[in-house]
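A.B. asks: Enclosed is the structure file upload_37.csv (CSV, N, CA and C atoms).
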chain,number,residue,atom,x,y,z
A,1,MET,N,-4.9,-15.1,-67.0
A,1,MET,CA,-3.5,-15.3,-66.8
A,1,MET,C,-3.0,-16.7,-67.2
A,2,MET,N,-3.8,-17.7,-66.8
A,2,MET,CA,-3.5,-19.1,-67.2
A,2,MET,C,-3.5,-19.3,-68.7
A,3,ASN,N,-4.5,-18.6,-69.4
A,3,ASN,CA,-4.5,-18.8,-70.8
A,3,ASN,C,-3.3,-18.2,-71.5
A,4,LEU,N,-2.8,-17.1,-71.0
A,4,LEU,CA,-1.6,-16.5,-71.6
A,4,LEU,C,-0.4,-17.4,-71.4
A,5,PHE,N,-0.3,-18.0,-70.2
A,5,PHE,CA,0.7,-18.9,-69.8
A,5,PHE,C,0.7,-20.1,-70.8
A,6,LYS,N,-0.5,-20.7,-70.9
A,6,LYS,CA,-0.7,-21.9,-71.8
A,6,LYS,C,-0.3,-21.5,-73.2
A,7,THR,N,-0.8,-20.4,-73.7
A,7,THR,CA,-0.5,-19.9,-75.0
A,7,THR,C,1.0,-19.8,-75.2
A,8,SER,N,1.6,-19.2,-74.3
A,8,SER,CA,3.1,-19.0,-74.4
A,8,SER,C,3.8,-20.3,-74.4
A,9,LEU,N,3.4,-21.2,-73.6
A,9,LEU,CA,4.0,-22.5,-73.6
A,9,LEU,C,3.8,-23.3,-74.9
A,10,ILE,N,2.6,-23.2,-75.4
A,10,ILE,CA,2.3,-23.8,-76.7
A,10,ILE,C,3.1,-23.2,-77.8
A,11,ALA,N,3.2,-21.8,-77.8
A,11,ALA,CA,3.9,-21.1,-78.9
A,11,ALA,C,5.4,-21.5,-78.7
A,12,ALA,N,5.9,-21.5,-77.5
A,12,ALA,CA,7.3,-21.8,-77.3
A,12,ALA,C,7.7,-23.2,-77.8
A,13,ALA,N,6.8,-24.2,-77.5
A,13,ALA,CA,7.0,-25.6,-77.9
A,13,ALA,C,7.0,-25.6,-79.5
A,14,ALA,N,6.0,-25.0,-80.1
A,14,ALA,CA,5.9,-25.0,-81.5
A,14,ALA,C,7.1,-24.4,-82.2
A,15,LEU,N,7.6,-23.3,-81.6
A,15,LEU,CA,8.7,-22.6,-82.2
A,15,LEU,C,10.0,-23.5,-82.0
A,16,ALA,N,10.1,-24.1,-80.9
A,16,ALA,CA,11.3,-25.0,-80.7
A,16,ALA,C,11.3,-26.1,-81.7
A,17,VAL,N,10.2,-26.6,-82.0
A,17,VAL,CA,10.1,-27.7,-83.0
A,17,VAL,C,10.3,-27.2,-84.4
A,18,ALA,N,9.7,-26.0,-84.6
A,18,ALA,CA,9.8,-25.4,-86.0
A,18,ALA,C,11.1,-24.8,-86.4
A,19,ALA,N,11.9,-24.4,-85.4
A,19,ALA,CA,13.2,-23.7,-85.7
A,19,ALA,C,14.1,-24.6,-86.5
A,20,PRO,N,14.3,-25.8,-86.2
A,20,PRO,CA,15.2,-26.6,-87.1
A,20,PRO,C,14.6,-26.8,-88.5
A,21,ALA,N,13.2,-26.9,-88.5
A,21,ALA,CA,12.6,-27.1,-89.8
A,21,ALA,C,12.7,-25.9,-90.7
A,22,LEU,N,13.0,-24.7,-90.1
A,22,LEU,CA,13.2,-23.5,-91.0
A,22,LEU,C,14.4,-23.6,-91.8
A,23,ALA,N,15.2,-24.6,-91.5
A,23,ALA,CA,16.5,-24.8,-92.3
A,23,ALA,C,16.2,-25.7,-93.5
A,24,ALA,N,14.9,-25.9,-93.9
A,24,ALA,CA,14.5,-26.8,-95.0
A,24,ALA,C,14.9,-26.3,-96.4
A,25,ASP,N,15.5,-25.2,-96.5
A,25,ASP,CA,15.9,-24.7,-97.8
A,25,ASP,C,17.0,-25.6,-98.3
A,26,PRO,N,16.9,-26.1,-99.6
A,26,PRO,CA,17.9,-27.1,-100.1
A,26,PRO,C,19.3,-26.6,-100.0
A,27,VAL,N,19.5,-25.3,-100.3
A,27,VAL,CA,20.9,-24.7,-100.2
A,27,VAL,C,21.4,-24.9,-98.8
A,28,VAL,N,20.6,-24.6,-97.8
A,28,VAL,CA,21.0,-24.6,-96.4
A,28,VAL,C,21.2,-26.1,-96.0
A,29,GLU,N,20.3,-27.0,-96.4
A,29,GLU,CA,20.4,-28.4,-96.1
A,29,GLU,C,21.7,-29.0,-96.6
A,30,GLN,N,22.0,-28.6,-97.8
A,30,GLN,CA,23.3,-29.1,-98.3
A,30,GLN,C,24.5,-28.6,-97.5
A,31,ALA,N,24.4,-27.3,-97.2
A,31,ALA,CA,25.5,-26.7,-96.4
A,31,ALA,C,25.6,-27.3,-95.0
A,32,LEU,N,24.4,-27.6,-94.4
A,32,LEU,CA,24.5,-28.3,-93.1
A,32,LEU,C,25.1,-29.6,-93.2
A,33,SER,N,24.8,-30.4,-94.2
A,33,SER,CA,25.4,-31.7,-94.4
A,33,SER,C,26.9,-31.6,-94.7
A,34,ALA,N,27.3,-30.5,-95.4
A,34,ALA,CA,28.7,-30.4,-95.8
A,34,ALA,C,29.5,-29.7,-94.7
A,35,GLY,N,28.9,-29.3,-93.6
A,35,GLY,CA,29.6,-28.7,-92.5
A,35,GLY,C,30.0,-27.3,-92.7
A,36,LYS,N,29.3,-26.6,-93.7
A,36,LYS,CA,29.6,-25.2,-93.9
A,36,LYS,C,28.7,-24.3,-93.1
A,37,VAL,N,27.6,-24.8,-92.6
A,37,VAL,CA,26.7,-24.0,-91.7
A,37,VAL,C,26.3,-24.9,-90.5
A,38,GLY,N,26.1,-24.3,-89.4
A,38,GLY,CA,25.7,-25.1,-88.2
A,38,GLY,C,24.9,-24.3,-87.3
A,39,GLU,N,24.3,-25.1,-86.3
A,39,GLU,CA,23.5,-24.5,-85.3
A,39,GLU,C,24.4,-23.9,-84.2
A,40,GLN,N,24.0,-22.8,-83.6
A,40,GLN,CA,24.8,-22.1,-82.6
A,40,GLN,C,24.0,-22.0,-81.3
A,41,TRP,N,24.8,-21.8,-80.2
A,41,TRP,CA,24.2,-21.6,-78.9
A,41,TRP,C,23.2,-20.5,-78.8
A,42,ASP,N,23.3,-19.5,-79.7
A,42,ASP,CA,22.4,-18.4,-79.6
A,42,ASP,C,21.1,-18.5,-80.3
A,43,GLY,N,20.8,-19.7,-80.8
A,43,GLY,CA,19.5,-20.0,-81.5
A,43,GLY,C,19.5,-19.7,-83.0
A,44,TYR,N,20.6,-19.3,-83.5
A,44,TYR,CA,20.7,-19.0,-85.0
A,44,TYR,C,21.7,-19.9,-85.7
A,45,LEU,N,21.5,-20.0,-87.0
A,45,LEU,CA,22.5,-20.7,-87.8
A,45,LEU,C,23.7,-19.8,-88.0
A,46,GLY,N,24.9,-20.4,-88.1
A,46,GLY,CA,26.1,-19.6,-88.3
A,46,GLY,C,26.9,-20.2,-89.4
A,47,PHE,N,27.9,-19.5,-89.9
A,47,PHE,CA,28.8,-19.9,-91.0
A,47,PHE,C,30.1,-20.4,-90.4
A,48,VAL,N,30.5,-21.6,-90.8
A,48,VAL,CA,31.8,-22.2,-90.4
A,48,VAL,C,32.9,-21.5,-91.2
A,49,SER,N,32.6,-21.2,-92.5
A,49,SER,CA,33.6,-20.5,-93.4
A,49,SER,C,32.8,-19.5,-94.2
A,50,PRO,N,33.5,-18.6,-94.8
A,50,PRO,CA,32.8,-17.5,-95.6
A,50,PRO,C,31.8,-18.2,-96.6
A,51,PRO,N,30.6,-17.8,-96.6
A,51,PRO,CA,29.6,-18.4,-97.5
A,51,PRO,C,29.5,-17.7,-98.9
A,52,SER,N,28.9,-18.5,-99.8
A,52,SER,CA,28.6,-17.9,-101.1
A,52,SER,C,27.4,-17.0,-100.9
A,53,GLY,N,27.1,-16.2,-101.9
A,53,GLY,CA,26.0,-15.2,-101.8
A,53,GLY,C,24.7,-15.9,-101.6
A,54,ASP,N,24.5,-17.0,-102.4
A,54,ASP,CA,23.2,-17.7,-102.3
A,54,ASP,C,23.0,-18.3,-100.9
A,55,LEU,N,24.1,-18.9,-100.3
A,55,LEU,CA,24.0,-19.5,-99.0
A,55,LEU,C,23.8,-18.4,-98.0
A,56,LYS,N,24.5,-17.3,-98.1
A,56,LYS,CA,24.3,-16.2,-97.1
A,56,LYS,C,22.9,-15.7,-97.1
A,57,ALA,N,22.3,-15.5,-98.3
A,57,ALA,CA,21.0,-15.0,-98.4
A,57,ALA,C,20.0,-16.0,-97.8
A,58,ALA,N,20.2,-17.3,-98.0
A,58,ALA,CA,19.3,-18.3,-97.5
A,58,ALA,C,19.3,-18.4,-96.0
A,59,VAL,N,20.6,-18.4,-95.4
A,59,VAL,CA,20.7,-18.5,-94.0
A,59,VAL,C,20.2,-17.2,-93.3
A,60,ASP,N,20.5,-16.1,-93.9
A,60,ASP,CA,20.0,-14.8,-93.4
A,60,ASP,C,18.4,-14.8,-93.3
A,61,ALA,N,17.8,-15.4,-94.4
A,61,ALA,CA,16.3,-15.4,-94.4
A,61,ALA,C,15.8,-16.3,-93.3
A,62,ILE,N,16.5,-17.4,-93.0
A,62,ILE,CA,16.1,-18.3,-91.9
A,62,ILE,C,16.2,-17.6,-90.6
A,63,ASN,N,17.4,-17.0,-90.4
A,63,ASN,CA,17.7,-16.3,-89.1
A,63,ASN,C,16.7,-15.2,-88.9
A,64,ILE,N,16.3,-14.5,-89.9
A,64,ILE,CA,15.3,-13.4,-89.8
A,64,ILE,C,14.0,-14.0,-89.3
A,65,LYS,N,13.6,-15.1,-89.9
A,65,LYS,CA,12.3,-15.8,-89.5
A,65,LYS,C,12.4,-16.2,-88.1
A,66,ARG,N,13.5,-16.8,-87.7
A,66,ARG,CA,13.7,-17.2,-86.3
A,66,ARG,C,13.6,-16.0,-85.4
A,67,ARG,N,14.3,-15.0,-85.7
A,67,ARG,CA,14.3,-13.8,-84.8
A,67,ARG,C,12.8,-13.2,-84.7
A,68,ALA,N,12.1,-13.2,-85.8
A,68,ALA,CA,10.7,-12.8,-85.7
A,68,ALA,C,9.9,-13.7,-84.7
A,69,GLY,N,10.1,-15.0,-84.9
A,69,GLY,CA,9.4,-15.9,-84.0
A,69,GLY,C,9.8,-15.8,-82.5
A,70,TYR,N,11.1,-15.6,-82.3
A,70,TYR,CA,11.6,-15.4,-81.0
A,70,TYR,C,11.1,-14.2,-80.3
A,71,THR,N,11.0,-13.1,-81.2
A,71,THR,CA,10.5,-11.8,-80.7
A,71,THR,C,9.1,-11.9,-80.2
A,72,GLN,N,8.3,-12.6,-81.0
A,72,GLN,CA,6.9,-12.7,-80.7
A,72,GLN,C,6.7,-13.5,-79.4
A,73,VAL,N,7.3,-14.6,-79.3
A,73,VAL,CA,7.2,-15.4,-78.1
A,73,VAL,C,7.8,-14.8,-76.8
A,74,ALA,N,9.0,-14.1,-77.0
A,74,ALA,CA,9.6,-13.5,-75.9
A,74,ALA,C,8.8,-12.4,-75.3
A,75,ALA,N,8.1,-11.6,-76.2
A,75,ALA,CA,7.2,-10.6,-75.7
A,75,ALA,C,6.0,-11.2,-74.9
A,76,ALA,N,5.5,-12.3,-75.3
A,76,ALA,CA,4.4,-12.9,-74.6
A,76,ALA,C,4.9,-13.5,-73.3
A,77,ARG,N,6.1,-13.9,-73.2
A,77,ARG,CA,6.6,-14.5,-72.0
A,77,ARG,C,7.4,-13.5,-71.1
A,78,ASN,N,7.4,-12.3,-71.6
A,78,ASN,CA,8.1,-11.2,-70.8
A,78,ASN,C,9.6,-11.5,-70.5
A,79,VAL,N,10.2,-12.0,-71.5
A,79,VAL,CA,11.7,-12.3,-71.4
A,79,VAL,C,12.3,-11.6,-72.6
A,80,THR,N,13.6,-11.5,-72.6
A,80,THR,CA,14.3,-10.8,-73.8
A,80,THR,C,14.3,-11.8,-74.9
A,81,VAL,N,14.5,-11.2,-76.1
A,81,VAL,CA,14.6,-12.1,-77.3
A,81,VAL,C,15.8,-13.0,-77.2
A,82,ASP,N,16.9,-12.5,-76.7
A,82,ASP,CA,18.1,-13.3,-76.6
A,82,ASP,C,17.9,-14.4,-75.6
A,83,GLN,N,17.2,-14.2,-74.5
A,83,GLN,CA,17.0,-15.3,-73.5
A,83,GLN,C,16.1,-16.4,-74.2
A,84,PHE,N,15.1,-16.0,-74.9
A,84,PHE,CA,14.3,-17.0,-75.5
A,84,PHE,C,15.0,-17.7,-76.7
A,85,ALA,N,15.8,-17.0,-77.4
A,85,ALA,CA,16.6,-17.6,-78.5
A,85,ALA,C,17.5,-18.7,-78.0
A,86,GLN,N,18.2,-18.3,-76.9
A,86,GLN,CA,19.1,-19.3,-76.2
A,86,GLN,C,18.4,-20.5,-75.7
A,87,THR,N,17.2,-20.3,-75.1
A,87,THR,CA,16.4,-21.4,-74.6
A,87,THR,C,16.0,-22.3,-75.8
A,88,THR,N,15.6,-21.7,-76.9
A,88,THR,CA,15.3,-22.5,-78.1
A,88,THR,C,16.5,-23.2,-78.6
A,89,ALA,N,17.6,-22.6,-78.5
A,89,ALA,CA,18.9,-23.3,-78.9
A,89,ALA,C,19.1,-24.6,-78.2
A,90,CYS,N,18.6,-24.8,-77.0
A,90,CYS,CA,18.7,-26.1,-76.3
A,90,CYS,C,18.1,-27.2,-77.2
A,91,GLN,N,16.9,-26.9,-77.8
A,91,GLN,CA,16.3,-27.8,-78.7
A,91,GLN,C,17.0,-28.0,-80.0
A,92,THR,N,17.3,-26.9,-80.6
A,92,THR,CA,18.0,-27.0,-81.9
A,92,THR,C,19.3,-27.7,-81.9
A,93,LEU,N,20.0,-27.5,-80.8
A,93,LEU,CA,21.3,-28.2,-80.7
A,93,LEU,C,21.1,-29.7,-80.5
A,94,ARG,N,20.1,-30.1,-79.8
A,94,ARG,CA,19.8,-31.5,-79.6
A,94,ARG,C,19.4,-32.2,-80.9
A,95,ALA,N,18.9,-31.4,-81.9
A,95,ALA,CA,18.5,-31.9,-83.2
A,95,ALA,C,19.6,-32.0,-84.2
A,96,VAL,N,20.8,-31.5,-83.8
A,96,VAL,CA,22.0,-31.6,-84.7
A,96,VAL,C,22.3,-33.1,-85.0
A,97,LYS,N,22.4,-33.5,-86.2
A,97,LYS,CA,22.6,-34.9,-86.6
A,97,LYS,C,24.1,-35.2,-86.6
A,98,PRO,N,24.4,-36.4,-86.4
A,98,PRO,CA,25.9,-36.8,-86.5
A,98,PRO,C,26.4,-36.4,-87.8
A,99,GLY,N,27.7,-35.8,-87.7
A,99,GLY,CA,28.3,-35.3,-88.9
A,99,GLY,C,28.1,-33.8,-89.2
A,100,GLN,N,27.1,-33.3,-88.5
A,100,GLN,CA,26.8,-31.8,-88.7
A,100,GLN,C,27.6,-31.1,-87.6
A,101,VAL,N,27.8,-29.8,-87.9
A,101,VAL,CA,28.6,-29.0,-87.0
A,101,VAL,C,27.7,-28.1,-86.1
A,102,TYR,N,28.2,-27.7,-85.0
A,102,TYR,CA,27.5,-26.8,-84.0
A,102,TYR,C,28.5,-26.0,-83.3
A,103,LYS,N,28.0,-25.0,-82.6
A,103,LYS,CA,28.9,-24.1,-81.8
A,103,LYS,C,28.3,-23.8,-80.5
A,104,LEU,N,29.0,-24.1,-79.4
A,104,LEU,CA,28.5,-23.7,-78.1
A,104,LEU,C,29.2,-22.4,-77.7
A,105,LYS,N,28.6,-21.7,-76.8
A,105,LYS,CA,29.1,-20.4,-76.4
A,105,LYS,C,30.6,-20.3,-76.1
A,106,ASP,N,31.1,-21.4,-75.4
A,106,ASP,CA,32.4,-21.4,-74.9
A,106,ASP,C,33.4,-22.0,-75.8
A,107,GLY,N,33.1,-22.2,-77.1
A,107,GLY,CA,34.1,-22.9,-78.0
A,107,GLY,C,33.9,-22.6,-79.5
A,108,GLY,N,34.7,-23.2,-80.3
A,108,GLY,CA,34.6,-23.1,-81.7
A,108,GLY,C,33.6,-24.1,-82.3
A,109,TRP,N,33.7,-24.2,-83.6
A,109,TRP,CA,32.8,-25.2,-84.3
A,109,TRP,C,33.3,-26.6,-84.0
A,110,GLN,N,32.3,-27.5,-83.7
A,110,GLN,CA,32.6,-28.9,-83.5
A,110,GLN,C,31.7,-29.7,-84.3
A,111,THR,N,32.1,-31.0,-84.6
A,111,THR,CA,31.3,-31.9,-85.4
A,111,THR,C,30.7,-32.9,-84.5
A,112,ARG,N,29.4,-33.1,-84.6
A,112,ARG,CA,28.7,-34.1,-83.7
A,112,ARG,C,29.1,-35.5,-84.2
A,113,LYS,N,29.5,-36.3,-83.2
A,113,LYS,CA,29.9,-37.6,-83.5
A,113,LYS,C,29.0,-38.5,-82.7
A,114,GLY,N,28.3,-39.4,-83.4
A,114,GLY,CA,27.4,-40.3,-82.7
A,114,GLY,C,26.3,-39.7,-81.9
A,115,SER,N,26.0,-40.1,-80.7
A,115,SER,CA,24.9,-39.7,-80.0
A,115,SER,C,25.2,-38.9,-78.8
A,116,GLU,N,26.4,-38.3,-78.7
A,116,GLU,CA,26.8,-37.6,-77.5
A,116,GLU,C,25.8,-36.4,-77.3
A,117,ALA,N,25.6,-36.0,-76.1
A,117,ALA,CA,24.7,-34.9,-75.8
A,117,ALA,C,25.3,-33.5,-76.2
A,118,ILE,N,24.6,-32.7,-76.8
A,118,ILE,CA,25.0,-31.4,-77.1
A,118,ILE,C,24.1,-30.4,-76.4
A,119,THR,N,24.5,-29.9,-75.3
A,119,THR,CA,23.7,-29.0,-74.5
A,119,THR,C,24.5,-28.0,-73.7
A,120,PRO,N,24.2,-26.7,-74.0
A,120,PRO,CA,24.9,-25.7,-73.2
A,120,PRO,C,24.6,-25.9,-71.7
A,121,ASP,N,25.4,-25.3,-70.8
A,121,ASP,CA,25.2,-25.3,-69.4
A,121,ASP,C,23.9,-24.9,-69.0
A,122,TYR,N,23.4,-23.8,-69.6
A,122,TYR,CA,22.1,-23.2,-69.2
A,122,TYR,C,20.9,-24.1,-69.5
A,123,CYS,N,21.0,-25.1,-70.3
A,123,CYS,CA,19.9,-25.9,-70.8
A,123,CYS,C,19.3,-26.8,-69.6
A,124,GLY,N,20.1,-27.2,-68.7
A,124,GLY,CA,19.6,-28.0,-67.6
A,124,GLY,C,19.3,-29.4,-67.9
So, in terms of structure tokens, how does the structure I just supplied come out?

C.D. replies:
Amino acid sequence: MMNLFKTSLIAAAALAVAAPALAADPVVEQALSAGKVGEQWDGYLGFVSPPSGDLKAAVDAINIKRRAGYTQVAAARNVTVDQFAQTTACQTLRAVKPGQVYKLKDGGWQTRKGSEAITPDYCG
């Protein structure tokens, strides 16, 4: 039981760190910097405005990889995929850089200014 718990924690930590890195596609990185794409409260990247075909495909690929990772860890932790995705979003939102956009559950797209905290209520 303890090994499963430890494995789940390690996997969760690794996924939380890896999720922002999954955005390393140059098309997505440029869109993040330009404010066309941003991190969302649900653990996925979202579009601020209608994307080009290339950008949509790149973001969709990242979100598919995230969902697969969330699904794997959620099953091991006996939680829903959405619960785990939102928990991971606590980390990805903290990683948003100044000038990049993000979206919390209760609002529209915002631009991070300086070092203010970006954390949904449920992050604690």

A.B. asks: CA of Gly107 in chain A to CA of Ser33 in chain A: how many Å, to one decimal?

C.D. replies: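 So the two atoms, CA of Gly107 in chain A and CA of Ser33 in chain A, lie 20.5 Å apart.
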
A.B. asks: Using atom C of Thr111 in chain A and atom N of Val81 in chain A as the two end points, give the distance in Å to one decimal.

C.D. replies: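 The value is 28.4 Å.
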
A.B. asks: If the box runs along x, y and z of the file and leaves 4 Å on each side of range 42-48 of chain A, what are its centre and edge lengths in Å, one decimal, as AutoDock Vina command-line options?

C.D. replies:
--center_x 26.2 --center_y -20.3 --center_z -85.4 --size_x 21.4 --size_y 11.8 --size_z 19.6

A.B. asks: Between CA of Ile118 in chain A and CA of Glu39 in chain A, what distance in Å does the model show, to one decimal?

C.D. replies: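 That distance, rounded to one decimal, is 10.8 Å.
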
A.B. asks: Just list as a VMD selection string whatever in range 14-100 of chain A DSSP marks as alpha helix (DSSP H).

C.D. replies: chain A and resid 14 to 21 26 to 34 53 to 77 81 to 94

A.B. asks: So which residues touch range 92-106 of chain A within 7 Å, counting only N, CA and C atoms, skipping near sequence neighbours fewer than 4 positions away, as a PDB file with N, CA and C atoms, in the frame of the given file?

C.D. replies:
ATOM      1  N   ALA A  16      10.100 -24.100 -80.900  1.00  0.00           N
ATOM      2  CA  ALA A  16      11.300 -25.000 -80.700  1.00  0.00           C
ATOM      3  C   ALA A  16      11.300 -26.100 -81.700  1.00  0.00           C
ATOM      4  N   ALA A  19      11.900 -24.400 -85.400  1.00  0.00           N
ATOM      5  CA  ALA A  19      13.200 -23.700 -85.700  1.00  0.00           C
ATOM      6  C   ALA A  19      14.100 -24.600 -86.500  1.00  0.00           C
ATOM      7  N   PRO A  20      14.300 -25.800 -86.200  1.00  0.00           N
ATOM      8  CA  PRO A  20      15.200 -26.600 -87.100  1.00  0.00           C
ATOM      9  C   PRO A  20      14.600 -26.800 -88.500  1.00  0.00           C
ATOM     10  N   LEU A  32      24.400 -27.600 -94.400  1.00  0.00           N
ATOM     11  CA  LEU A  32      24.500 -28.300 -93.100  1.00  0.00           C
ATOM     12  C   LEU A  32      25.100 -29.600 -93.200  1.00  0.00           C
ATOM     13  N   SER A  33      24.800 -30.400 -94.200  1.00  0.00           N
ATOM     14  CA  SER A  33      25.400 -31.700 -94.400  1.00  0.00           C
ATOM     15  C   SER A  33      26.900 -31.600 -94.700  1.00  0.00           C
ATOM     16  N   ALA A  34      27.300 -30.500 -95.400  1.00  0.00           N
ATOM     17  CA  ALA A  34      28.700 -30.400 -95.800  1.00  0.00           C
ATOM     18  C   ALA A  34      29.500 -29.700 -94.700  1.00  0.00           C
ATOM     19  N   GLY A  35      28.900 -29.300 -93.600  1.00  0.00           N
ATOM     20  CA  GLY A  35      29.600 -28.700 -92.500  1.00  0.00           C
ATOM     21  C   GLY A  35      30.000 -27.300 -92.700  1.00  0.00           C
ATOM     22  N   LYS A  36      29.300 -26.600 -93.700  1.00  0.00           N
ATOM     23  CA  LYS A  36      29.600 -25.200 -93.900  1.00  0.00           C
ATOM     24  C   LYS A  36      28.700 -24.300 -93.100  1.00  0.00           C
ATOM     25  N   VAL A  37      27.600 -24.800 -92.600  1.00  0.00           N
ATOM     26  CA  VAL A  37      26.700 -24.000 -91.700  1.00  0.00           C
ATOM     27  C   VAL A  37      26.300 -24.900 -90.500  1.00  0.00           C
ATOM     28  N   GLY A  38      26.100 -24.300 -89.400  1.00  0.00           N
ATOM     29  CA  GLY A  38      25.700 -25.100 -88.200  1.00  0.00           C
ATOM     30  C   GLY A  38      24.900 -24.300 -87.300  1.00  0.00           C
ATOM     31  N   GLU A  39      24.300 -25.100 -86.300  1.00  0.00           N
ATOM     32  CA  GLU A  39      23.500 -24.500 -85.300  1.00  0.00           C
ATOM     33  C   GLU A  39      24.400 -23.900 -84.200  1.00  0.00           C
ATOM     34  N   GLN A  40      24.000 -22.800 -83.600  1.00  0.00           N
ATOM     35  CA  GLN A  40      24.800 -22.100 -82.600  1.00  0.00           C
ATOM     36  C   GLN A  40      24.000 -22.000 -81.300  1.00  0.00           C
ATOM     37  N   TRP A  41      24.800 -21.800 -80.200  1.00  0.00           N
ATOM     38  CA  TRP A  41      24.200 -21.600 -78.900  1.00  0.00           C
ATOM     39  C   TRP A  41      23.200 -20.500 -78.800  1.00  0.00           C
ATOM     40  N   ASP A  42      23.300 -19.500 -79.700  1.00  0.00           N
ATOM     41  CA  ASP A  42      22.400 -18.400 -79.600  1.00  0.00           C
ATOM     42  C   ASP A  42      21.100 -18.500 -80.300  1.00  0.00           C
ATOM     43  N   THR A  87      17.200 -20.300 -75.100  1.00  0.00           N
ATOM     44  CA  THR A  87      16.400 -21.400 -74.600  1.00  0.00           C
ATOM     45  C   THR A  87      16.000 -22.300 -75.800  1.00  0.00           C
ATOM     46  N   THR A  88      15.600 -21.700 -76.900  1.00  0.00           N
ATOM     47  CA  THR A  88      15.300 -22.500 -78.100  1.00  0.00           C
ATOM     48  C   THR A  88      16.500 -23.200 -78.600  1.00  0.00           C
ATOM     49  N   GLN A 110      32.300 -27.500 -83.700  1.00  0.00           N
ATOM     50  CA  GLN A 110      32.600 -28.900 -83.500  1.00  0.00           C
ATOM     51  C   GLN A 110      31.700 -29.700 -84.300  1.00  0.00           C
ATOM     52  N   THR A 111      32.100 -31.000 -84.600  1.00  0.00           N
ATOM     53  CA  THR A 111      31.300 -31.900 -85.400  1.00  0.00           C
ATOM     54  C   THR A 111      30.700 -32.900 -84.500  1.00  0.00           C
ATOM     55  N   ARG A 112      29.400 -33.100 -84.600  1.00  0.00           N
ATOM     56  CA  ARG A 112      28.700 -34.100 -83.700  1.00  0.00           C
ATOM     57  C   ARG A 112      29.100 -35.500 -84.200  1.00  0.00           C
ATOM     58  N   LYS A 113      29.500 -36.300 -83.200  1.00  0.00           N
ATOM     59  CA  LYS A 113      29.900 -37.600 -83.500  1.00  0.00           C
ATOM     60  C   LYS A 113      29.000 -38.500 -82.700  1.00  0.00           C
ATOM     61  N   GLY A 114      28.300 -39.400 -83.400  1.00  0.00           N
ATOM     62  CA  GLY A 114      27.400 -40.300 -82.700  1.00  0.00           C
ATOM     63  C   GLY A 114      26.300 -39.700 -81.900  1.00  0.00           C
ATOM     64  N   SER A 115      26.000 -40.100 -80.700  1.00  0.00           N
ATOM     65  CA  SER A 115      24.900 -39.700 -80.000  1.00  0.00           C
ATOM     66  C   SER A 115      25.200 -38.900 -78.800  1.00  0.00           C
ATOM     67  N   ALA A 117      25.600 -36.000 -76.100  1.00  0.00           N
ATOM     68  CA  ALA A 117      24.700 -34.900 -75.800  1.00  0.00           C
ATOM     69  C   ALA A 117      25.300 -33.500 -76.200  1.00  0.00           C
ATOM     70  N   ILE A 118      24.600 -32.700 -76.800  1.00  0.00           N
ATOM     71  CA  ILE A 118      25.000 -31.400 -77.100  1.00  0.00           C
ATOM     72  C   ILE A 118      24.100 -30.400 -76.400  1.00  0.00           C
ATOM     73  N   THR A 119      24.500 -29.900 -75.300  1.00  0.00           N
ATOM     74  CA  THR A 119      23.700 -29.000 -74.500  1.00  0.00           C
ATOM     75  C   THR A 119      24.500 -28.000 -73.700  1.00  0.00           C
ATOM     76  N   PRO A 120      24.200 -26.700 -74.000  1.00  0.00           N
ATOM     77  CA  PRO A 120      24.900 -25.700 -73.200  1.00  0.00           C
ATOM     78  C   PRO A 120      24.600 -25.900 -71.700  1.00  0.00           C
TER      79      PRO A 120
END

A.B. asks: Which of these, A:Pro26, A:Gly43, A:Gly108, A:Gly124, has the shortest distance to Ile64 in chain A once you count only C-alpha atoms?

C.D. replies: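 Using only C-alpha atoms, the shortest distance to Ile64 in chain A belongs to A:Gly43.
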
A.B. asks: Excluding Thr71 in chain A and residues on its chain fewer than 4 positions from it, collect all residues at most 7 Å away from it, counting all atoms listed in the file, and give them as a count of residues only.

C.D. replies: 6

A.B. asks: Within chain A, find each residue whose DSSP state, derived from the backbone, is strand (DSSP E), and express the selection as a PyMOL selection string.

C.D. replies: chain A and resi 37-40+45-47+101-103+109-111

A.B. asks: Write the selection just made, keeping N, CA and C atoms, as a short mmCIF file (atom, residue, chain, number, x, y, z; two decimals), in the frame of the given file?

C.D. replies:
data_model
loop_
_atom_site.label_atom_id
_atom_site.label_comp_id
_atom_site.auth_asym_id
_atom_site.auth_seq_id
_atom_site.Cartn_x
_atom_site.Cartn_y
_atom_site.Cartn_z
N VAL A 37 27.60 -24.80 -92.60
CA VAL A 37 26.70 -24.00 -91.70
C VAL A 37 26.30 -24.90 -90.50
N GLY A 38 26.10 -24.30 -89.40
CA GLY A 38 25.70 -25.10 -88.20
C GLY A 38 24.90 -24.30 -87.30
N GLU A 39 24.30 -25.10 -86.30
CA GLU A 39 23.50 -24.50 -85.30
C GLU A 39 24.40 -23.90 -84.20
N GLN A 40 24.00 -22.80 -83.60
CA GLN A 40 24.80 -22.10 -82.60
C GLN A 40 24.00 -22.00 -81.30
N LEU A 45 21.50 -20.00 -87.00
CA LEU A 45 22.50 -20.70 -87.80
C LEU A 45 23.70 -19.80 -88.00
N GLY A 46 24.90 -20.40 -88.10
CA GLY A 46 26.10 -19.60 -88.30
C GLY A 46 26.90 -20.20 -89.40
N PHE A 47 27.90 -19.50 -89.90
CA PHE A 47 28.80 -19.90 -91.00
C PHE A 47 30.10 -20.40 -90.40
N VAL A 101 27.80 -29.80 -87.90
CA VAL A 101 28.60 -29.00 -87.00
C VAL A 101 27.70 -28.10 -86.10
N TYR A 102 28.20 -27.70 -85.00
CA TYR A 102 27.50 -26.80 -84.00
C TYR A 102 28.50 -26.00 -83.30
N LYS A 103 28.00 -25.00 -82.60
CA LYS A 103 28.90 -24.10 -81.80
C LYS A 103 28.30 -23.80 -80.50
N TRP A 109 33.70 -24.20 -83.60
CA TRP A 109 32.80 -25.20 -84.30
C TRP A 109 33.30 -26.60 -84.00
N GLN A 110 32.30 -27.50 -83.70
CA GLN A 110 32.60 -28.90 -83.50
C GLN A 110 31.70 -29.70 -84.30
N THR A 111 32.10 -31.00 -84.60
CA THR A 111 31.30 -31.90 -85.40
C THR A 111 30.70 -32.90 -84.50
#
